[in-house]
Amino acid sequence: MYSFNFTAESSSNGVVERDFTVGDVPGVLWSPASGATDRAPLILMGHGGGSHKKHPAMAGRARLLVTGCGFHVAVIDAPGHGDRPRTAHDEAEIAELFRARAAGEPEGPIVVRYNEHLAELAVPEYQMTLDALQQLPEIGADGPVGYWGINMGTAIGIPLVAIEPRITAAVFGQHWPDALAEKAKQISIPIEFDLQWDDEHISREKGLALFDAFASKEKSLHVNSGKHKDLPRFEADSAVRFFARHFGPAVTPSA
């Protein structure tokens with residue numbers, strides 16, 4: 001049986017940030033400072049490759065969801081990322097990625113292989129985290145749960161959502177279909193999907209193939225011009241509206 005503990009807490013501009021551990025996995029939970037004990041939906045997020053649970057992208061998206069919708073938001077460090085140690089396998093895959101990048105070789109095959117390995121480890125960790133967080137009175141076992149992850153967050157999120165019936169809406173984007181298309185076919189919940197039209201790593205055909213694989217009757221494709229790292233910030237606002245539409249009306253942000 002895993003242990004769940006809060007290890008630190010701080011508050012800023014209407015948002016309470018609580019660090020936690022579930023087993024030996026570190027995570028962070030953001031919640032509304034006012035009415036923090038009121039029941040509200042939970043959004044699980046997955047960070048990108050080489051990033052961590054408190055990366056500015058994660059903290060920024062969480063703040064939008066907390067202050068704009070009154071939701072709770074949780075992220076855990078993926079294996080080999082953030083406060084978690086790297087294994088020899090992690091080091092070898094990262095070295096191979098840097099070698100291919102320096103040589104001008106395609107990164108896709110390495111990223112797909114490595115992310116598939118990380119997803120196998122991270123999916124049960126996310127389920128364990130969800131089990132623990134749903135024990136909190138402000139979240140509860142029967143409240144709505146969503147998932148939001150781009151890049152590696154998609155590589156972990158699609159296998160998770162494919163087997164996790166508690167998640168009923170999700171935002172994905174920017175990944176290859178190679179290891180994910182078959183799992184995407186098992187997903188029928190509403191989704192929003194981000195794609196960069198001029199992505200130098202993921203071709204338009206590959207990105208569209210992954211979007212097309214989802215069995216969802218409600219799925220929205222958001223395509224923007226620009227390279228892989230040029231995903232517009234306004235797509236985060238769109239994702240917040242997506243979750244508010246499915247889990248409840250947004251409230252006026254406090255700041």
# chains A, B, ... in the order shown; residues from 1 in each chain; ligands from 1
>>> closest_atom_pairs(of="region 194-224 of chain A", to="region 90-114 of chain A", cutoff="10 Å", atoms="only C-alpha atoms", output="tab-separated table")
residue	atom	partner	partner_atom	distance
A:Glu200	CA	A:Pro106	CA	9.5
A:His201	CA	A:Gly108	CA	6.6
A:Ile202	CA	A:Gly108	CA	7.4
>>> select_by_dssp(residues="region 3-156 of chain A", states="strand (DSSP E or B)", output="PyMOL selection string")
chain A and resi 4-12+15-22+25-32+42-46+72-76+145-149
>>> closest_atom_pairs(of="region 170-246 of chain A", to="region 122-146 of chain A", cutoff="10 Å", atoms="only C-alpha atoms", output="tab-separated table")
residue	atom	partner	partner_atom	distance
A:Ala170	CA	A:Gly146	CA	5.5
A:Val171	CA	A:Gly146	CA	8.3
A:Ile191	CA	A:Gly146	CA	9.9
A:Phe243	CA	A:Gly146	CA	7.4
A:His246	CA	A:Pro144	CA	9.0
>>> closest_residue(among="A:Ala181, A:Ala155, A:Trp176, A:Asp83", to="Ser203 (chain A)", atoms="only C-alpha atoms")
A:Trp176
>>> atom_distance(atom1="CA of His228 (chain A)", atom2="CA of Gln196 (chain A)")
6.1 Å
>>> residues_around(residues="region 13-16 of chain A", least_positions_apart="6", cutoff="8 Å", atoms="only C-alpha atoms", output="PDB file with N, CA and C atoms, in the first residue's frame")
ATOM      1  N   TRP A  30      -2.382  22.210  -7.081  1.00  0.00           N
ATOM      2  CA  TRP A  30      -2.794  23.607  -6.990  1.00  0.00           C
ATOM      3  C   TRP A  30      -4.305  23.654  -6.770  1.00  0.00           C
ATOM      4  N   SER A  31      -4.754  24.513  -5.859  1.00  0.00           N
ATOM      5  CA  SER A  31      -6.173  24.605  -5.516  1.00  0.00           C
ATOM      6  C   SER A  31      -6.560  26.064  -5.270  1.00  0.00           C
ATOM      7  N   PRO A  32      -7.857  26.376  -5.335  1.00  0.00           N
ATOM      8  CA  PRO A  32      -8.290  27.740  -5.013  1.00  0.00           C
ATOM      9  C   PRO A  32      -8.040  28.058  -3.537  1.00  0.00           C
ATOM     10  N   ALA A  33      -7.531  29.249  -3.269  1.00  0.00           N
ATOM     11  CA  ALA A  33      -7.274  29.645  -1.878  1.00  0.00           C
ATOM     12  C   ALA A  33      -8.576  29.913  -1.143  1.00  0.00           C
ATOM     13  N   SER A  34      -9.562  30.477  -1.817  1.00  0.00           N
ATOM     14  CA  SER A  34     -10.859  30.735  -1.189  1.00  0.00           C
ATOM     15  C   SER A  34     -11.782  29.559  -1.479  1.00  0.00           C
ATOM     16  N   ARG A  63      -2.571  27.824 -12.974  1.00  0.00           N
ATOM     17  CA  ARG A  63      -3.144  29.080 -12.468  1.00  0.00           C
ATOM     18  C   ARG A  63      -4.377  29.472 -13.276  1.00  0.00           C
ATOM     19  N   VAL A  66      -7.206  27.189 -12.040  1.00  0.00           N
ATOM     20  CA  VAL A  66      -7.617  27.458 -10.656  1.00  0.00           C
ATOM     21  C   VAL A  66      -8.347  28.788 -10.558  1.00  0.00           C
ATOM     22  N   THR A  67      -7.742  29.852 -11.078  1.00  0.00           N
ATOM     23  CA  THR A  67      -8.353  31.174 -10.942  1.00  0.00           C
ATOM     24  C   THR A  67      -9.493  31.384 -11.926  1.00  0.00           C
ATOM     25  N   SER A 254      -9.789  36.006 -10.567  1.00  0.00           N
ATOM     26  CA  SER A 254      -9.603  36.950  -9.455  1.00  0.00           C
ATOM     27  C   SER A 254      -8.511  37.952  -9.764  1.00  0.00           C
ATOM     28  N   ALA A 255      -7.654  37.654 -10.716  1.00  0.00           N
ATOM     29  CA  ALA A 255      -6.569  38.576 -11.075  1.00  0.00           C
ATOM     30  C   ALA A 255      -6.182  38.361 -12.515  1.00  0.00           C
TER      31      ALA A 255
END
>>> atom_distance(atom1="CA of Ser10 (chain A)", atom2="CA of Trp148 (chain A)")
23.5 Å
>>> residues_around(residues="Gly27 (chain A)", least_positions_apart="3", cutoff="9 Å", atoms="only C-alpha atoms", output="PyMOL selection string")
chain A and resi 18-22+53-54+74-77+129
>>> write_last_selection(atoms="N, CA and C atoms", output="JSON list (two decimals), in the first residue's frame")
[["chain", "number", "residue", "atom", "x", "y", "z"],
["A", 18, "ARG", "N", 0.42, 22.93, -3.00],
["A", 18, "ARG", "CA", 0.82, 21.93, -2.02],
["A", 18, "ARG", "C", 1.67, 20.84, -2.68],
["A", 19, "ASP", "N", 2.90, 20.71, -2.22],
["A", 19, "ASP", "CA", 3.74, 19.60, -2.67],
["A", 19, "ASP", "C", 3.28, 18.33, -1.97],
["A", 20, "PHE", "N", 3.38, 17.20, -2.67],
["A", 20, "PHE", "CA", 3.02, 15.94, -2.05],
["A", 20, "PHE", "C", 3.90, 14.82, -2.58],
["A", 21, "THR", "N", 3.87, 13.71, -1.89],
["A", 21, "THR", "CA", 4.46, 12.48, -2.39],
["A", 21, "THR", "C", 3.40, 11.40, -2.31],
["A", 22, "VAL", "N", 3.36, 10.56, -3.33],
["A", 22, "VAL", "CA", 2.50, 9.39, -3.32],
["A", 22, "VAL", "C", 3.42, 8.21, -3.58],
["A", 53, "LYS", "N", 7.43, 18.95, -12.90],
["A", 53, "LYS", "CA", 6.07, 19.24, -12.45],
["A", 53, "LYS", "C", 5.80, 20.73, -12.24],
["A", 54, "LYS", "N", 6.82, 21.51, -11.86],
["A", 54, "LYS", "CA", 6.62, 22.94, -11.59],
["A", 54, "LYS", "C", 7.20, 23.83, -12.69],
["A", 74, "ALA", "N", -3.27, 18.88, -10.69],
["A", 74, "ALA", "CA", -2.16, 18.10, -10.13],
["A", 74, "ALA", "C", -1.22, 17.62, -11.24],
["A", 75, "VAL", "N", 0.07, 17.63, -10.92],
["A", 75, "VAL", "CA", 1.11, 17.12, -11.82],
["A", 75, "VAL", "C", 2.09, 16.29, -10.99],
["A", 76, "ILE", "N", 2.57, 15.19, -11.55],
["A", 76, "ILE", "CA", 3.66, 14.46, -10.92],
["A", 76, "ILE", "C", 4.87, 14.50, -11.83],
["A", 77, "ASP", "N", 6.06, 14.38, -11.24],
["A", 77, "ASP", "CA", 7.27, 14.27, -12.05],
["A", 77, "ASP", "C", 7.27, 12.93, -12.76],
["A", 129, "THR", "N", -1.85, 8.20, -8.10],
["A", 129, "THR", "CA", -2.03, 9.59, -7.68],
["A", 129, "THR", "C", -3.50, 9.96, -7.67]]
>>> select_by_dssp(residues="region 57-158 of chain A", states="helix (DSSP H, G or I)", output="NGL selection string")
:A and (57-69 or 88-103 or 108-133 or 152-158)
>>> atom_distance(atom1="CA of Leu65 (chain A)", atom2="CA of Val240 (chain A)")
6.0 Å
